[in-house]
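Asker: What follows is a single structure, and I will ask about it in a moment.
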Amino acid sequence: MTVIPATAARRSETPNAIMTTLASPTQGGASLALWRVDMAPGASGPEHLFDVEQTWTTLGGAATVTVDGADHALTAGDTIVLRGGQVRRILAGDDGFQAVVAASAGARAFLPDGTDRGVPPWIA
């Protein structure tokens, strides 16, 4: 058993969101990474994909998630499961977007052209 205290949470900022790591291998050997995503109103992430499945549960606000060209609306309480290899882009709604995300530790991010962006710090 591992207890990860709130004081061990890591904050990673990108131009599009703030990711707060709640559990990861570097925080006690978790085989899953768990993090919170906070996006400002109207913020949009880049098109990208991961090599593993991710599960996103909306905590607040709303977002449009474009997956392989199809739009999916999320509001508080909704969960979306994104398979590995699916190109996705997230656009926060007018009130912003907050979610908690789980994925296998060591998940790698890629651009649609195949460029390997590595393991993001909030998953490491």
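Each chain in the structure tokens gets a letter, A, B and so on, in the order shown; residues start at 1 in every chain, and ligands are counted from 1 in the order they appear.
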For range 97-103 of chain A, please output as a PyMOL selection string all residues within 6 Å (counting only C-alpha atoms; exclusion window: fewer than 2 positions along the same chain).

Answerer: chain A and resi 32-39+54-62+92

Asker: How would the residues just picked look written out with N, CA and C atoms as a short mmCIF file (atom, residue, chain, number, x, y, z; two decimals), in the first residue's frame?

Answerer:
```cif
data_model
loop_
_atom_site.label_atom_id
_atom_site.label_comp_id
_atom_site.auth_asym_id
_atom_site.auth_seq_id
_atom_site.Cartn_x
_atom_site.Cartn_y
_atom_site.Cartn_z
N LEU A 32 -0.70 2.88 -12.56
CA LEU A 32 -1.56 3.82 -13.27
C LEU A 32 -1.16 5.23 -12.88
N ALA A 33 -1.24 6.11 -13.84
CA ALA A 33 -1.09 7.53 -13.53
C ALA A 33 -2.49 8.13 -13.41
N LEU A 34 -2.65 9.01 -12.45
CA LEU A 34 -3.93 9.68 -12.23
C LEU A 34 -3.64 11.16 -12.09
N TRP A 35 -4.34 11.99 -12.87
CA TRP A 35 -4.09 13.42 -12.80
C TRP A 35 -5.38 14.20 -13.04
N ARG A 36 -5.36 15.44 -12.58
CA ARG A 36 -6.48 16.36 -12.78
C ARG A 36 -6.08 17.33 -13.88
N VAL A 37 -7.04 17.66 -14.74
CA VAL A 37 -6.83 18.63 -15.82
C VAL A 37 -7.74 19.82 -15.55
N ASP A 38 -7.18 21.02 -15.58
CA ASP A 38 -7.95 22.26 -15.46
C ASP A 38 -7.67 23.11 -16.68
N MET A 39 -8.71 23.42 -17.44
CA MET A 39 -8.58 24.25 -18.64
C MET A 39 -9.41 25.52 -18.47
N GLN A 54 -6.95 6.01 -22.31
CA GLN A 54 -7.12 6.97 -21.23
C GLN A 54 -8.61 7.04 -20.90
N THR A 55 -8.91 7.21 -19.61
CA THR A 55 -10.29 7.40 -19.17
C THR A 55 -10.39 8.78 -18.53
N TRP A 56 -11.27 9.62 -19.06
CA TRP A 56 -11.48 10.99 -18.59
C TRP A 56 -12.87 11.09 -17.96
N THR A 57 -12.97 11.61 -16.74
CA THR A 57 -14.25 11.89 -16.11
C THR A 57 -14.32 13.39 -15.82
N THR A 58 -15.37 14.01 -16.33
CA THR A 58 -15.56 15.45 -16.18
C THR A 58 -16.00 15.78 -14.76
N LEU A 59 -15.26 16.66 -14.10
CA LEU A 59 -15.60 17.11 -12.75
C LEU A 59 -16.45 18.37 -12.78
N GLY A 60 -16.20 19.23 -13.75
CA GLY A 60 -16.92 20.49 -13.84
C GLY A 60 -16.72 21.13 -15.19
N GLY A 61 -17.57 22.10 -15.49
CA GLY A 61 -17.49 22.77 -16.78
C GLY A 61 -17.96 21.86 -17.89
N ALA A 62 -17.47 22.16 -19.09
CA ALA A 62 -17.87 21.38 -20.26
C ALA A 62 -16.73 21.45 -21.28
N ALA A 92 -12.21 23.47 -24.25
CA ALA A 92 -12.97 23.79 -23.05
C ALA A 92 -14.15 24.69 -23.40
#
```

Asker: Check chain A with DSSP on the backbone and list each residue it calls helix (DSSP H, G or I), as a list in words.

Answerer: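 Those in chain A that DSSP calls helix (DSSP H, G or I) are Ala6, Thr7, Ala8, Pro25, Thr26 and Gln27 of chain A.
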
Asker: Can I get the selection written as a PDB file, in the first residue's frame, with N, CA and C atoms?

Answerer:
```pdb
ATOM      1  N   ALA A   6      -1.425  14.786  -0.263  1.00  0.00           N
ATOM      2  CA  ALA A   6      -1.781  15.902  -1.151  1.00  0.00           C
ATOM      3  C   ALA A   6      -0.589  16.809  -1.422  1.00  0.00           C
ATOM      4  N   THR A   7       0.312  16.924  -0.446  1.00  0.00           N
ATOM      5  CA  THR A   7       1.487  17.788  -0.622  1.00  0.00           C
ATOM      6  C   THR A   7       2.452  17.253  -1.674  1.00  0.00           C
ATOM      7  N   ALA A   8       2.288  15.978  -2.084  1.00  0.00           N
ATOM      8  CA  ALA A   8       3.159  15.388  -3.103  1.00  0.00           C
ATOM      9  C   ALA A   8       2.619  15.597  -4.523  1.00  0.00           C
ATOM     10  N   PRO A  25       4.217   6.664 -11.163  1.00  0.00           N
ATOM     11  CA  PRO A  25       5.340   5.839 -10.715  1.00  0.00           C
ATOM     12  C   PRO A  25       6.349   6.608  -9.864  1.00  0.00           C
ATOM     13  N   THR A  26       6.603   7.857 -10.196  1.00  0.00           N
ATOM     14  CA  THR A  26       7.588   8.628  -9.434  1.00  0.00           C
ATOM     15  C   THR A  26       7.040   9.126  -8.099  1.00  0.00           C
ATOM     16  N   GLN A  27       5.780   8.830  -7.822  1.00  0.00           N
ATOM     17  CA  GLN A  27       5.181   9.209  -6.544  1.00  0.00           C
ATOM     18  C   GLN A  27       4.853   7.991  -5.692  1.00  0.00           C
TER      19      GLN A  27
END
```

Asker: Have a look at A:Ile123, A:Val81, A:Val87, A:Leu111 and name the one nearest to Ser12 in chain A; count only C-alpha atoms.

Answerer: A:Ile123

Asker: Could you give me, as a ChimeraX atom specification, each residue of chain A that DSSP assigns to strand (DSSP E or B) when run on this structure's backbone?

Answerer: /A:10-13,18-23,32-39,44,48-50,54-67,70-75,79-82,88-104,109-110,116-118

Asker: Using only C-alpha atoms, find the one residue out of A:Glu53, A:Gly93, A:Leu74, A:Thr66 that sits nearest to Ala105 in chain A.

Answerer: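 Closest to Ala105 in chain A of all the choices is A:Glu53.
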
Asker: Quick one, how far is CA of Ala43 in chain A from CA of Ile80 in chain A?

Answerer: 18.7 Å

Asker: Smallest atom-to-atom distance to Arg117 in chain A: which of A:Val65, A:Ala17, A:Leu49, A:Ala40, using only C-alpha atoms?

Answerer: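 The closest residue to Arg117 in chain A is A:Leu49.
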
Asker: Calculated over only C-alpha atoms, which of the candidates A:Thr75, A:Gln86, A:Ser24, A:Asn16 has the smallest distance to Thr2 in chain A?

Answerer: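 Of A:Thr75, A:Gln86, A:Ser24, A:Asn16, the one nearest Thr2 in chain A is A:Ser24, counting only C-alpha atoms.
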
Asker: Write out as a ChimeraX atom specification which residues come within 10 Å of Thr14 in chain A when counting only C-alpha atoms, dropping same-chain ones fewer than 4 positions away.

Answerer: /A:18-19,39,45

Asker: Using only C-alpha atoms for the distances, tell me which of A:Ser31, A:Thr20, A:Ala73, A:Pro112 is nearest to Leu91 in chain A.

Answerer: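 Among the listed residues, A:Ala73 lies closest to Leu91 in chain A.
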
Asker: Measuring atom to atom with only C-alpha atoms, identify which of A:Ala70, A:Ala109, A:Ala63, A:Ala124 is nearest to Asp94 in chain A.

Answerer: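 Of all the options, A:Ala63 lies closest to Asp94 in chain A.
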
Asker: Fewer than 4 positions away in the same chain doesn't count, so skip those; otherwise give me all residues within 6 Å of Arg88 in chain A, counting only C-alpha atoms, as a list in words.

Answerer: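 After dropping sequence-adjacent residues, the list is Glu47, His48, Thr66 and Val67 of chain A.
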
Asker: May I have the residues from that selection written out with N, CA and C atoms, as a PDB file, in the first residue's frame?

Answerer:
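Output below, filename result_2.pdb:
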```pdb
ATOM      1  N   GLU A  47      -3.996  18.778 -31.377  1.00  0.00           N
ATOM      2  CA  GLU A  47      -4.303  17.420 -31.808  1.00  0.00           C
ATOM      3  C   GLU A  47      -3.147  16.528 -31.415  1.00  0.00           C
ATOM      4  N   HIS A  48      -3.454  15.397 -30.801  1.00  0.00           N
ATOM      5  CA  HIS A  48      -2.426  14.455 -30.377  1.00  0.00           C
ATOM      6  C   HIS A  48      -3.073  13.107 -30.128  1.00  0.00           C
ATOM      7  N   THR A  66     -12.899  16.223 -29.729  1.00  0.00           N
ATOM      8  CA  THR A  66     -12.916  15.749 -31.105  1.00  0.00           C
ATOM      9  C   THR A  66     -12.026  14.517 -31.161  1.00  0.00           C
ATOM     10  N   VAL A  67     -12.607  13.385 -31.534  1.00  0.00           N
ATOM     11  CA  VAL A  67     -11.892  12.110 -31.590  1.00  0.00           C
ATOM     12  C   VAL A  67     -12.004  11.579 -33.015  1.00  0.00           C
TER      13      VAL A  67
END
```
